[in-house]
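Enquirer: Got my_file11.txt for you, compact mmCIF, C-alpha atoms:
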```txt
# COMPACT_ATOMS: atom_id res chain seq x y z
CA MET K 1 -7.95 15.15 18.79
CA ASN K 2 -4.22 15.29 19.15
CA GLU K 3 -3.07 18.23 21.32
CA THR K 4 0.60 18.52 20.36
CA SER K 5 1.64 22.00 19.27
CA VAL K 6 2.50 22.52 15.62
CA LEU K 7 6.05 23.62 16.33
CA ILE K 8 6.74 20.43 18.23
CA ILE K 9 5.31 18.38 15.38
CA ILE K 10 7.51 20.16 12.84
CA ILE K 11 10.68 19.71 14.90
CA ALA K 12 9.84 16.13 15.77
CA SER K 13 9.12 15.17 12.17
CA ILE K 14 12.43 16.63 11.06
CA PHE K 15 14.67 15.15 13.75
CA THR K 16 13.25 12.54 16.09
CA ALA K 17 10.67 10.92 13.86
CA ASN K 18 12.29 11.54 10.50
CA ILE K 19 10.01 10.06 7.85
CA LEU K 20 12.92 8.38 6.11
CA LEU K 21 15.14 7.35 8.98
CA SER K 22 12.48 6.13 11.39
CA ASN K 23 9.47 5.39 9.16
CA PHE K 24 11.46 4.16 6.14
CA LEU K 25 9.29 6.03 3.66
CA GLY K 26 10.59 7.24 0.33
CA MET K 27 13.42 4.74 0.16
CA CYS K 28 13.15 4.05 -3.57
CA SER K 29 13.87 7.57 -4.75
CA PHE K 30 16.24 7.99 -1.83
CA LEU K 31 18.42 5.18 -3.16
CA ALA K 32 18.01 6.05 -6.81
CA CYS K 33 18.56 9.80 -6.70
CA SER K 34 21.17 10.25 -3.99
CA ARG K 35 24.22 9.90 -6.18
CA GLN K 36 24.50 13.62 -6.97
CA LEU K 37 24.19 16.49 -4.57
CA SER K 38 22.35 18.78 -7.00
CA THR K 39 19.76 16.10 -7.81
CA ALA K 40 19.24 15.46 -4.13
CA ILE K 41 18.62 19.14 -3.41
CA GLY K 42 16.15 19.51 -6.29
CA LEU K 43 14.22 16.42 -5.31
CA GLY K 44 14.24 17.43 -1.66
CA ILE K 45 12.66 20.80 -2.39
CA ALA K 46 10.05 19.27 -4.71
CA VAL K 47 9.09 16.64 -2.13
CA THR K 48 8.75 19.23 0.64
CA PHE K 49 6.46 21.32 -1.52
CA VAL K 50 4.25 18.43 -2.63
CA LEU K 51 4.08 16.96 0.88
CA THR K 52 2.90 20.24 2.39
CA GLY K 53 0.28 20.68 -0.32
CA THR K 54 -1.09 17.15 -0.40
CA THR K 55 -1.44 16.67 3.36
CA GLY K 56 -3.59 19.82 3.50
CA LEU K 57 -5.64 18.80 0.48
CA ASN K 58 -6.09 15.23 1.66
CA TYR K 59 -7.12 16.46 5.11
CA ILE K 60 -9.93 18.53 3.64
CA ILE K 61 -11.09 15.70 1.36
CA TYR K 62 -10.96 13.08 4.12
CA TYR K 63 -12.77 15.01 6.84
CA TYR K 64 -15.23 17.03 4.75
CA LEU K 65 -16.02 14.61 1.95
CA LEU K 66 -15.17 10.98 2.71
CA LYS K 67 -16.05 10.93 6.40
CA PRO K 68 -19.53 12.53 6.19
CA ILE K 69 -20.66 10.02 3.58
CA GLY K 70 -18.94 7.13 5.37
CA VAL K 71 -16.58 5.85 2.70
CA GLU K 72 -13.29 6.12 4.61
CA PHE K 73 -12.15 2.80 3.14
CA LEU K 74 -11.83 4.55 -0.22
CA SER K 75 -9.21 6.89 1.22
CA TYR K 76 -6.28 5.02 -0.36
CA ILE K 77 -7.56 5.35 -3.87
CA ILE K 78 -8.67 8.96 -3.38
CA PHE K 79 -5.38 9.99 -1.78
CA ILE K 80 -3.30 8.57 -4.58
CA ALA K 81 -5.50 10.28 -7.15
CA VAL K 82 -5.20 13.60 -5.30
CA ILE K 83 -1.42 13.25 -5.16
CA ALA K 84 -1.17 12.44 -8.86
CA ALA K 85 -3.45 15.34 -9.76
CA PHE K 86 -1.60 17.75 -7.45
CA VAL K 87 1.76 16.82 -8.93
CA GLN K 88 0.41 17.26 -12.44
CA PHE K 89 -1.07 20.63 -11.51
CA VAL K 90 2.11 21.84 -9.86
CA GLU K 91 4.07 20.79 -12.90
CA MET K 92 1.85 22.79 -15.25
CA PHE K 93 1.81 25.76 -12.88
CA ILE K 94 5.57 25.91 -12.55
CA GLU K 95 6.06 25.45 -16.27
CA LYS K 96 3.82 28.45 -16.98
CA PHE K 97 5.07 30.85 -14.33
CA SER K 98 8.69 29.97 -13.77
CA PRO K 99 10.30 28.07 -16.63
CA LYS K 100 13.64 28.32 -14.87
CA LEU K 101 12.37 26.49 -11.82
CA TYR K 102 10.59 24.06 -14.12
CA TYR K 103 13.84 23.02 -15.72
CA ALA K 104 15.44 22.61 -12.32
CA LEU K 105 12.59 20.60 -10.76
CA GLY K 106 10.71 19.37 -13.82
CA ILE K 107 12.21 15.92 -14.11
CA PHE K 108 11.68 15.15 -10.43
CA LEU K 109 8.00 15.96 -10.27
CA PRO K 110 6.59 12.87 -12.01
CA LEU K 111 8.84 10.72 -9.80
CA ILE K 112 7.17 12.11 -6.73
CA THR K 113 3.76 10.59 -7.43
CA VAL K 114 5.15 7.16 -6.64
CA ASN K 115 7.19 8.32 -3.66
CA CYS K 116 5.68 6.50 -0.72
CA ALA K 117 6.61 9.29 1.68
CA ILE K 118 3.83 11.42 0.17
CA LEU K 119 1.08 8.84 0.61
CA GLY K 120 2.60 7.76 3.92
CA ALA K 121 2.37 11.25 5.40
CA SER K 122 -1.32 11.46 4.49
CA LEU K 123 -1.97 8.08 6.11
CA PHE K 124 -0.04 9.01 9.26
CA MET K 125 -2.03 12.22 9.48
CA ILE K 126 -5.26 10.20 9.65
CA ILE K 127 -3.90 7.59 12.08
CA ARG K 128 -2.51 10.23 14.47
CA LYS K 129 -5.71 12.31 14.28
CA TYR K 130 -4.01 15.61 13.52
CA SER K 131 -5.97 18.83 13.05
CA PHE K 132 -5.66 20.77 9.80
CA ILE K 133 -2.83 23.03 10.98
CA GLN K 134 -1.02 20.09 12.55
CA SER K 135 -1.37 18.09 9.32
CA VAL K 136 0.12 20.82 7.17
CA GLY K 137 2.89 21.30 9.74
CA TYR K 138 3.55 17.58 9.73
CA GLY K 139 3.66 17.49 5.94
CA PHE K 140 6.11 20.36 5.88
CA GLY K 141 8.31 18.90 8.62
CA ALA K 142 8.32 15.47 7.03
CA GLY K 143 9.35 17.02 3.72
CA VAL K 144 12.19 19.00 5.27
CA GLY K 145 13.33 15.92 7.18
CA TRP K 146 13.30 13.82 4.03
CA ALA K 147 15.18 16.50 2.09
CA MET K 148 17.78 16.73 4.82
CA ALA K 149 18.32 12.98 4.87
CA ILE K 150 18.73 12.68 1.11
CA ILE K 151 21.08 15.69 0.93
CA LEU K 152 23.22 14.29 3.74
CA ILE K 153 23.44 10.87 2.15
CA ALA K 154 24.27 12.37 -1.25
CA GLY K 155 27.24 14.10 0.35
CA LEU K 156 28.33 10.90 2.03
CA ARG K 157 28.01 8.89 -1.16
CA LYS K 158 30.15 11.40 -3.01
CA LYS K 159 32.84 11.06 -0.37
CA MET K 160 32.46 7.28 -0.46
CA GLY K 161 33.41 7.26 -4.14
CA TYR K 162 37.03 7.58 -3.02
CA SER K 163 37.02 4.74 -0.53
CA ASN K 164 37.87 1.14 -1.10
CA ILE K 165 34.66 -0.78 -0.32
CA PRO K 166 34.60 -4.60 -0.27
CA GLN K 167 33.14 -5.78 -3.54
CA PRO K 168 29.79 -7.28 -2.39
CA PHE K 169 29.01 -4.16 -0.38
CA GLN K 170 29.42 -1.71 -3.25
CA GLY K 171 26.36 0.28 -4.28
CA VAL K 172 23.12 -0.16 -2.43
CA ALA K 173 24.40 -2.39 0.37
CA ILE K 174 26.87 0.13 1.76
CA THR K 175 24.38 2.99 1.28
CA MET K 176 21.88 1.06 3.36
CA ILE K 177 24.37 0.43 6.16
CA ILE K 178 25.47 4.07 6.19
CA THR K 179 21.82 5.12 6.36
CA GLY K 180 21.51 2.81 9.36
CA ILE K 181 24.40 4.53 11.07
CA MET K 182 22.84 7.89 10.25
CA ALA K 183 19.52 6.71 11.71
CA MET K 184 21.41 5.75 14.84
CA ALA K 185 22.85 9.26 15.06
CA PHE K 186 19.37 10.75 14.61
CA MET K 187 18.10 8.60 17.46
CA GLY K 188 20.29 10.79 19.63
CA PHE K 189 17.72 13.56 19.14
CA ALA K 190 15.03 11.36 20.66
CA GLY K 191 15.15 12.99 24.07
CA MET K 192 14.58 16.43 22.58
CA VAL K 193 10.88 16.27 21.66
CA THR K 194 8.33 13.50 21.42
CA MET K 195 5.28 13.30 19.22
CA MET W 1 0.10 -25.48 -6.77
CA GLU W 2 0.28 -28.81 -8.62
CA ASN W 3 -3.44 -29.05 -9.39
CA ASN W 4 -3.22 -25.83 -11.37
CA LYS W 5 -1.72 -28.03 -14.03
CA GLN W 6 -4.99 -29.80 -14.84
CA HIS W 7 -7.40 -26.89 -15.27
CA CYS W 8 -5.05 -24.54 -16.99
CA GLY W 9 -6.62 -24.28 -20.38
CA LEU W 10 -4.87 -21.11 -21.49
CA CYS W 11 -1.29 -22.25 -21.39
CA LYS W 12 0.78 -24.17 -23.85
CA PRO W 13 0.56 -27.98 -24.01
CA GLU W 14 3.82 -28.49 -22.11
CA GLY W 15 2.14 -27.18 -18.96
CA LEU W 16 2.47 -24.16 -16.75
CA PHE W 17 5.46 -25.27 -14.75
CA GLU W 18 7.74 -26.15 -17.64
CA GLY W 19 9.25 -23.80 -20.19
CA LYS W 20 8.22 -20.21 -19.74
CA GLY W 21 6.39 -20.78 -16.48
CA LYS W 22 9.42 -22.29 -14.84
CA ILE W 23 11.69 -19.49 -15.97
CA THR W 24 9.16 -16.93 -14.70
CA LEU W 25 9.01 -18.59 -11.32
CA LYS W 26 12.77 -18.85 -10.92
CA ASP W 27 13.24 -15.31 -12.14
CA GLY W 28 10.93 -13.79 -9.56
CA ILE W 29 12.13 -15.76 -6.59
CA TRP W 30 15.86 -15.85 -7.16
CA GLU W 31 17.44 -14.48 -10.37
CA ASN W 32 15.64 -11.17 -10.23
CA ASN W 33 14.46 -11.08 -6.66
CA PRO W 34 12.50 -7.83 -6.26
CA ILE W 35 14.18 -6.68 -3.06
CA SER W 36 17.69 -7.99 -2.96
CA ILE W 37 18.52 -7.70 -6.65
CA GLN W 38 16.20 -5.03 -8.06
CA ILE W 39 16.01 -3.02 -4.81
CA LEU W 40 12.29 -2.35 -5.16
CA GLY W 41 9.73 -2.06 -2.39
CA VAL W 42 12.35 -1.38 0.22
CA CYS W 43 10.14 0.79 2.45
CA SER W 44 7.93 -1.99 3.73
CA ALA W 45 10.81 -4.44 3.81
CA LEU W 46 12.39 -2.19 6.41
CA ALA W 47 9.34 -1.00 8.26
CA VAL W 48 7.45 -4.16 9.17
CA THR W 49 10.32 -6.56 9.71
CA ASN W 50 10.88 -5.90 13.40
CA ARG W 51 8.89 -9.08 14.10
CA LEU W 52 8.64 -12.28 12.10
CA GLU W 53 4.85 -12.36 12.39
CA ASN W 54 4.48 -8.91 10.83
CA SER W 55 6.85 -9.85 8.04
CA LEU W 56 4.84 -12.96 7.19
CA VAL W 57 1.54 -11.05 7.06
CA MET W 58 3.10 -8.38 4.87
CA GLY W 59 4.53 -11.06 2.60
CA ALA W 60 1.09 -12.64 2.29
CA ALA W 61 -0.42 -9.23 1.51
CA LEU W 62 2.03 -8.65 -1.28
CA ILE W 63 1.52 -12.11 -2.78
CA PHE W 64 -2.24 -11.50 -2.81
CA VAL W 65 -2.02 -8.01 -4.31
CA CYS W 66 0.59 -9.06 -6.88
CA ILE W 67 -1.42 -12.04 -8.10
CA GLY W 68 -4.67 -10.08 -8.22
CA THR W 69 -3.16 -7.11 -9.99
CA ASN W 70 -1.27 -9.19 -12.52
CA LEU W 71 -4.38 -11.23 -13.30
CA PHE W 72 -6.61 -8.23 -13.91
CA VAL W 73 -4.03 -6.14 -15.72
CA SER W 74 -3.38 -9.13 -17.95
CA LEU W 75 -7.08 -9.79 -18.57
CA LEU W 76 -7.65 -6.16 -19.46
CA ARG W 77 -4.42 -5.71 -21.41
CA ASN W 78 -6.09 -5.66 -24.82
CA VAL W 79 -8.85 -3.22 -23.89
CA THR W 80 -6.83 -0.70 -21.83
CA PRO W 81 -5.81 2.34 -23.88
CA ARG W 82 -2.05 2.80 -23.57
CA ARG W 83 -2.27 6.39 -22.41
CA ILE W 84 -4.30 5.68 -19.31
CA ARG W 85 -2.77 2.33 -18.44
CA MET W 86 -0.92 3.74 -15.43
CA ILE W 87 -4.01 5.08 -13.75
CA ALA W 88 -5.85 1.84 -14.58
CA GLU W 89 -3.05 -0.13 -12.93
CA VAL W 90 -3.11 2.09 -9.84
CA ALA W 91 -6.88 1.67 -9.55
CA ILE W 92 -6.57 -2.13 -9.76
CA ILE W 93 -3.74 -2.20 -7.21
CA ALA W 94 -5.63 0.07 -4.82
CA THR W 95 -8.71 -2.15 -5.08
CA PHE W 96 -6.78 -5.21 -3.99
CA VAL W 97 -4.99 -3.32 -1.24
CA ILE W 98 -8.33 -2.08 0.11
CA LEU W 99 -9.66 -5.64 0.04
CA PHE W 100 -6.72 -6.91 2.06
CA ASP W 101 -6.83 -3.97 4.43
CA GLN W 102 -10.53 -4.48 5.14
CA PHE W 103 -9.90 -8.20 5.67
CA LEU W 104 -7.17 -7.45 8.23
CA LYS W 105 -9.35 -4.88 9.97
CA ALA W 106 -12.23 -7.32 10.21
CA PHE W 107 -10.39 -10.44 11.38
CA TYR W 108 -6.96 -9.42 12.68
CA TRP W 109 -7.45 -6.01 14.26
CA ASP W 110 -4.24 -6.17 16.33
CA MET W 111 -2.18 -6.98 13.27
CA SER W 112 -3.85 -4.21 11.30
CA LYS W 113 -2.97 -1.76 14.09
CA ARG W 114 0.62 -2.94 14.19
CA LEU W 115 1.17 -2.68 10.46
CA GLY W 116 -0.36 0.80 10.52
CA PRO W 117 -0.10 2.68 7.25
CA TYR W 118 2.21 0.15 5.64
CA VAL W 119 -0.64 -1.95 4.26
CA GLY W 120 -1.97 1.10 2.43
CA LEU W 121 1.51 1.85 1.22
CA ILE W 122 1.55 -1.34 -0.85
CA ILE W 123 -0.12 0.89 -3.47
CA THR W 124 3.12 2.79 -3.92
CA ASN W 125 5.22 -0.35 -3.62
CA CYS W 126 7.16 -0.38 -6.86
CA ILE W 127 7.14 -4.18 -7.09
CA VAL W 128 3.41 -4.43 -7.84
CA MET W 129 3.39 -1.61 -10.35
CA GLY W 130 6.64 -2.83 -11.87
CA ARG W 131 5.34 -6.34 -12.48
CA ALA W 132 2.05 -5.09 -13.91
CA GLU W 133 3.89 -2.76 -16.23
CA ALA W 134 6.76 -5.02 -17.21
CA PHE W 135 5.07 -8.41 -17.32
CA ALA W 136 1.28 -8.53 -17.11
CA LEU W 137 0.78 -6.02 -19.92
CA GLN W 138 2.48 -8.34 -22.39
CA ASN W 139 1.53 -11.77 -21.15
CA ARG W 140 -1.43 -14.10 -20.83
CA PRO W 141 -3.36 -14.35 -17.56
CA MET W 142 -2.09 -17.72 -16.29
CA VAL W 143 1.58 -16.84 -16.77
CA SER W 144 0.93 -13.43 -15.27
CA ILE W 145 -0.53 -15.00 -12.14
CA LEU W 146 2.59 -17.11 -11.89
CA ASP W 147 4.81 -14.08 -12.27
CA GLY W 148 2.86 -12.24 -9.59
CA ALA W 149 3.12 -15.21 -7.28
CA ALA W 150 6.83 -15.62 -7.93
CA ASN W 151 7.61 -12.00 -7.20
CA GLY W 152 5.37 -11.99 -4.15
CA ILE W 153 7.05 -15.12 -2.84
CA GLY W 154 10.50 -13.70 -3.56
CA TYR W 155 9.55 -10.62 -1.58
CA ALA W 156 7.99 -12.66 1.23
CA ILE W 157 11.09 -14.83 1.58
CA VAL W 158 13.40 -11.83 1.91
CA LEU W 159 11.03 -10.25 4.43
CA ALA W 160 10.90 -13.45 6.44
CA ILE W 161 14.70 -13.65 6.54
CA ILE W 162 15.05 -10.06 7.73
CA GLY W 163 12.15 -10.41 10.18
CA PHE W 164 13.59 -13.61 11.58
CA SER W 165 17.08 -12.25 12.13
CA ARG W 166 15.88 -8.94 13.56
CA GLU W 167 13.46 -10.51 16.01
CA LEU W 168 15.98 -13.15 17.02
CA LEU W 169 18.86 -10.77 17.61
CA GLY W 170 16.70 -7.98 18.96
CA THR W 171 14.61 -9.87 21.50
CA GLY W 172 16.00 -13.39 21.64
CA ASN W 173 12.50 -14.74 20.88
CA ILE W 174 10.76 -15.94 17.75
CA MET W 175 6.97 -15.57 17.77
CA GLY W 176 6.81 -15.91 21.53
CA PHE W 177 9.30 -18.78 21.87
CA THR W 178 12.61 -18.07 23.54
CA ILE W 179 15.44 -19.19 21.29
CA LEU W 180 18.42 -17.30 22.67
CA SER W 181 18.05 -17.52 26.42
CA ASP W 182 18.91 -14.35 28.32
CA THR W 183 21.26 -16.22 30.63
CA TRP W 184 24.00 -15.93 28.02
CA TYR W 185 22.58 -13.64 25.33
CA THR W 186 21.81 -9.98 25.91
CA PRO W 187 19.21 -8.90 23.34
CA ASN W 188 20.49 -6.14 21.11
CA GLN W 189 17.59 -3.66 21.20
CA LEU W 190 19.05 -1.80 18.26
CA MET W 191 18.02 -4.58 15.89
CA VAL W 192 14.31 -4.00 16.43
CA LEU W 193 14.73 -0.24 16.12
CA ALA W 194 15.07 1.68 12.86
CA PRO W 195 18.88 1.54 12.41
CA GLY W 196 18.88 -2.25 12.75
CA ALA W 197 16.55 -2.50 9.76
CA PHE W 198 18.86 -0.56 7.46
CA ILE W 199 21.91 -2.48 8.60
CA ALA W 200 20.23 -5.90 8.36
CA LEU W 201 18.99 -5.21 4.82
CA GLY W 202 22.40 -3.81 3.84
CA PHE W 203 24.10 -7.01 4.92
CA LEU W 204 21.45 -9.16 3.26
CA ILE W 205 21.96 -7.38 -0.08
CA ALA W 206 25.71 -7.80 0.32
CA VAL W 207 25.27 -11.54 0.93
CA PHE W 208 23.08 -11.88 -2.18
CA ASN W 209 25.70 -9.97 -4.18
CA ALA W 210 28.44 -12.21 -2.87
CA ILE W 211 26.54 -15.38 -3.81
CA LYS W 212 25.49 -14.14 -7.22
CA GLY W 213 28.96 -12.97 -8.17
CA PRO W 214 30.40 -9.70 -9.43
CA GLU W 215 28.46 -9.22 -12.68
CA GLU W 216 25.39 -8.01 -10.77
CA GLU W 217 27.24 -4.91 -9.65
CA SER W 218 26.29 -2.80 -12.62
CA ALA W 219 22.65 -2.95 -11.49
CA SER W 220 23.23 -0.78 -8.48
```
As structure tokens, please, write out the structure in this file.

Expert:
Amino acid sequence: MNETSVLIIIIASIFTANILLSNFLGMCSFLACSRQLSTAIGLGIAVTFVLTGTTGLNYIIYYYLLKPIGVEFLSYIIFIAVIAAFVQFVEMFIEKFSPKLYYALGIFLPLITVNCAILGASLFMIIRKYSFIQSVGYGFGAGVGWAMAIILIAGLRKKMGYSNIPQPFQGVAITMIITGIMAMAFMGFAGMVTM
Amino acid sequence: MENNKQHCGLCKPEGLFEGKGKITLKDGIWENNPISIQILGVCSALAVTNRLENSLVMGAALIFVCIGTNLFVSLLRNVTPRRIRMIAEVAIIATFVILFDQFLKAFYWDMSKRLGPYVGLIITNCIVMGRAEAFALQNRPMVSILDGAANGIGYAIVLAIIGFSRELLGTGNIMGFTILSDTWYTPNQLMVLAPGAFIALGFLIAVFNAIKGPEEESAS
């Protein structure tokens, strides 16, 4: 069992081991939805919410259902089904109880099922042998870290719209390089906490 | 690959590697390369490319999963109800990923440890799903296999290029052999760390854009 305190895990997963900048998860939606600041914020909140929920749910299913009957190798297929079902459920729930929020987040929710950060966090949780509280903390921290990265890059991309970028670098190429520079800056946090 | 030509009963008389087959192959590897042109499946392209060896294994994994998924999605394309096709595709993909993962765990434990969760993450790799959805659902099995192989190979080639340059610049070695001797070359550790991955892929995409010319810009 991993002994790291939950607070450390949350801080580390936001800054030093950011799921996007150091584990490269969630790149597809990161590149596709970082052109507008409002989109980035909406998606960031939705991802944080789903990540926190699914890591907890997947923890329970893995340790209380799959492990006792010895079918851990099925975890991939079960996890992805849980994520898809959770997203669907959240979508229906939000639609019923807060239509306003639904219109703000609604379009991002289906996108999240195929966001590899969600499945990745569940897999990391198993590999690092977190406890339940640690897993939920990790899910939350990873979500906040991802949201922060996408919001930052959306701001940068907006600013970049005014600069004169060499033609082959326009679009994804320059975004990737800027993300690299941002990852370098985040490495500066590395001395702060370690997982 | 050549002997496929003989026992390919399902394809047109002109053979698998002429006409449509040839276009499919070229499309996947170069014209519409999944990573550098379509920008799909970027996560694993960044995560496992710190060493050439890892990149090659990951490339092989994707070729296997792509071929398997395309074959089965194509075989089942007439019996899968449209409404549940997504979940059927995910189930097929996950099956092949589990197969490959178990194979790695059984025979190459070190490699399995090093790749960590990224083998499992092939399930959410948009390339596999994208090909199943865009190609295998409309095409016959043999051509679908070819399309899967082409996209897998296109992905593997890009991964190998990134893996090669990162390992070379980051450590001076390639798969244990010293290429850039440390008497005159100081390894740039940054290349094997996270930022190096983003920057290497950024430059690679820029190079592809430069070769392919300006009309590809609208894609991004």

Enquirer: Return the neighbours of chain K among the residues of chain W, cut-off 7 Å, counting all atoms listed in the file, as a list of chain:residue names.

Expert: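 Close to chain K, chain W has W:Leu40, W:Val42, W:Cys43, W:Leu46, W:Ala47, W:Ala91, W:Ala94, W:Ile98, W:Pro117, W:Gly120, W:Leu121, W:Thr124, W:Ala194, W:Pro195, W:Gly196, W:Phe198, W:Ile199, W:Gly202, W:Phe203, W:Ile205, W:Ala206, W:Asn209, W:Ala210, W:Ser220.
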
Enquirer: Rank K:Leu109, K:Cys33, K:Ala17, K:Ile9 by their smallest atom-to-atom distance to K:Arg157, using only C-alpha atoms, and report the top residue only.

Expert: K:Cys33

Enquirer: When you look at W:Ala160 with a cut-off of 7 Å (counting only C-alpha atoms), what residues show up, excluding the ones that are within fewer than 2 positions of it in the same chain? I need them as JSON, numbers by chain.

Expert: {"W": [52, 55, 56, 156, 157, 158, 162, 163, 164]}

Enquirer: What is the atom CA of K:Pro68 to atom CA of K:Gly56 distance in Å?

Expert: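 Rounded to one decimal, the two atoms are 17.7 Å apart.
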
Enquirer: Which is closest to W:Arg114 among W:Gln102, W:Ser181, W:Ser74, W:Asn50, if we use only C-alpha atoms?

Expert: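 Closest to W:Arg114, using only C-alpha atoms: W:Asn50.
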
Enquirer: Enter the distance from atom CA of W:Gly68 to atom CA of W:Pro34, in Å, rounded to one decimal.

Expert: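 Rounded to one decimal, the two atoms are 17.4 Å apart.
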
Enquirer: What is the atom CA of K:Gly44 to atom CA of W:Glu89 distance in Å?

Expert: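 Between atom CA of K:Gly44 and atom CA of W:Glu89 the gap is 27.1 Å.
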
Enquirer: Using only C-alpha atoms, which residue out of W:Val48, W:Asp101, W:Ile123, W:Leu115 lies closest to W:Ile87?

Expert: W:Ile123

Enquirer: Determine, counting only C-alpha atoms, which protein, DNA and RNA residues have an atom within 9 Å of an atom of W:Asn188; residues of the same chain fewer than 4 positions away are not included. Present the result as a PDB file with C-alpha atoms, in the coordinates of the input.

Expert:
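Just written: result.pdb:
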```pdb
ATOM      1  CA  LEU W 169      18.860 -10.770  17.610  1.00  0.00           C
ATOM      2  CA  GLY W 170      16.700  -7.980  18.960  1.00  0.00           C
ATOM      3  CA  THR W 171      14.610  -9.870  21.500  1.00  0.00           C
ATOM      4  CA  GLY W 172      16.000 -13.390  21.640  1.00  0.00           C
ATOM      5  CA  VAL W 192      14.310  -4.000  16.430  1.00  0.00           C
TER       6      VAL W 192
END
```

Enquirer: Identify which of the residues W:Val143, W:Cys66, W:Leu104, W:Ala200 lies closest to W:Arg131, counting all atoms listed in the file when measuring atom-to-atom distances.

Expert: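 Checking each candidate against W:Arg131, we get W:Cys66 as the closest.
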
Enquirer: Counting all atoms listed in the file, write as a list in words all protein and nucleic acid residues lying at most 6 Å from (8.7, 21.8, 1.6) in the file's frame.

Expert: Ile45, Thr48, Phe49, Phe140, Gly143 and Val144 of chain K

Enquirer: Find the residues near K:Ile153: any atom within 9 Å, counting all atoms listed in the file, skip ones fewer than 2 places away on the same chain, and give them as a ChimeraX atom specification.

Expert: /K:30,34-35,37,40,148-151,155-158,175,178-179,182

Enquirer: Just want the 12 Å neighbourhood of K:Ile133, counted on all atoms listed in the file, with same-chain residues fewer than 3 positions away dropped. Output as a list in words.

Expert: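 So, after excluding close chain neighbours, the residues are Asn2, Glu3, Thr4, Ser5, Val6, Leu7, Ile9, Ile10, Thr52, Gly53, Thr55, Gly56, Leu57, Tyr59, Ile60, Met125, Lys129, Tyr130, Val136, Gly137, Tyr138, Gly139 and Phe140 of chain K.
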
Enquirer: Which one of K:Ser38, K:Asn58, K:Ser135, K:Ser29 sits closest to K:Ala104 if you count only C-alpha atoms?

Expert: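 Comparing K:Ser38, K:Asn58, K:Ser135, K:Ser29 against K:Ala104, the winner is K:Ser38.
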
Enquirer: Determine the axis-aligned bounding box of all atoms of stretch 123-129 of chain W present in the file, pad each side by 6 Å, and express its centre and edge lengths in Å to one decimal place as AutoDock Vina command-line options.

Expert:
```
--center_x 3.5 --center_y -0.8 --center_z -6.9 --size_x 19.3 --size_y 19.2 --size_z 18.9
```

Enquirer: Would you please work out which residue, of W:Thr80, W:Thr49, W:Gln38, W:Thr95, is nearest to W:Leu193 when using all atoms listed in the file?

Expert: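 Of W:Thr80, W:Thr49, W:Gln38, W:Thr95, the one nearest W:Leu193 is W:Thr49, counting all atoms listed in the file.
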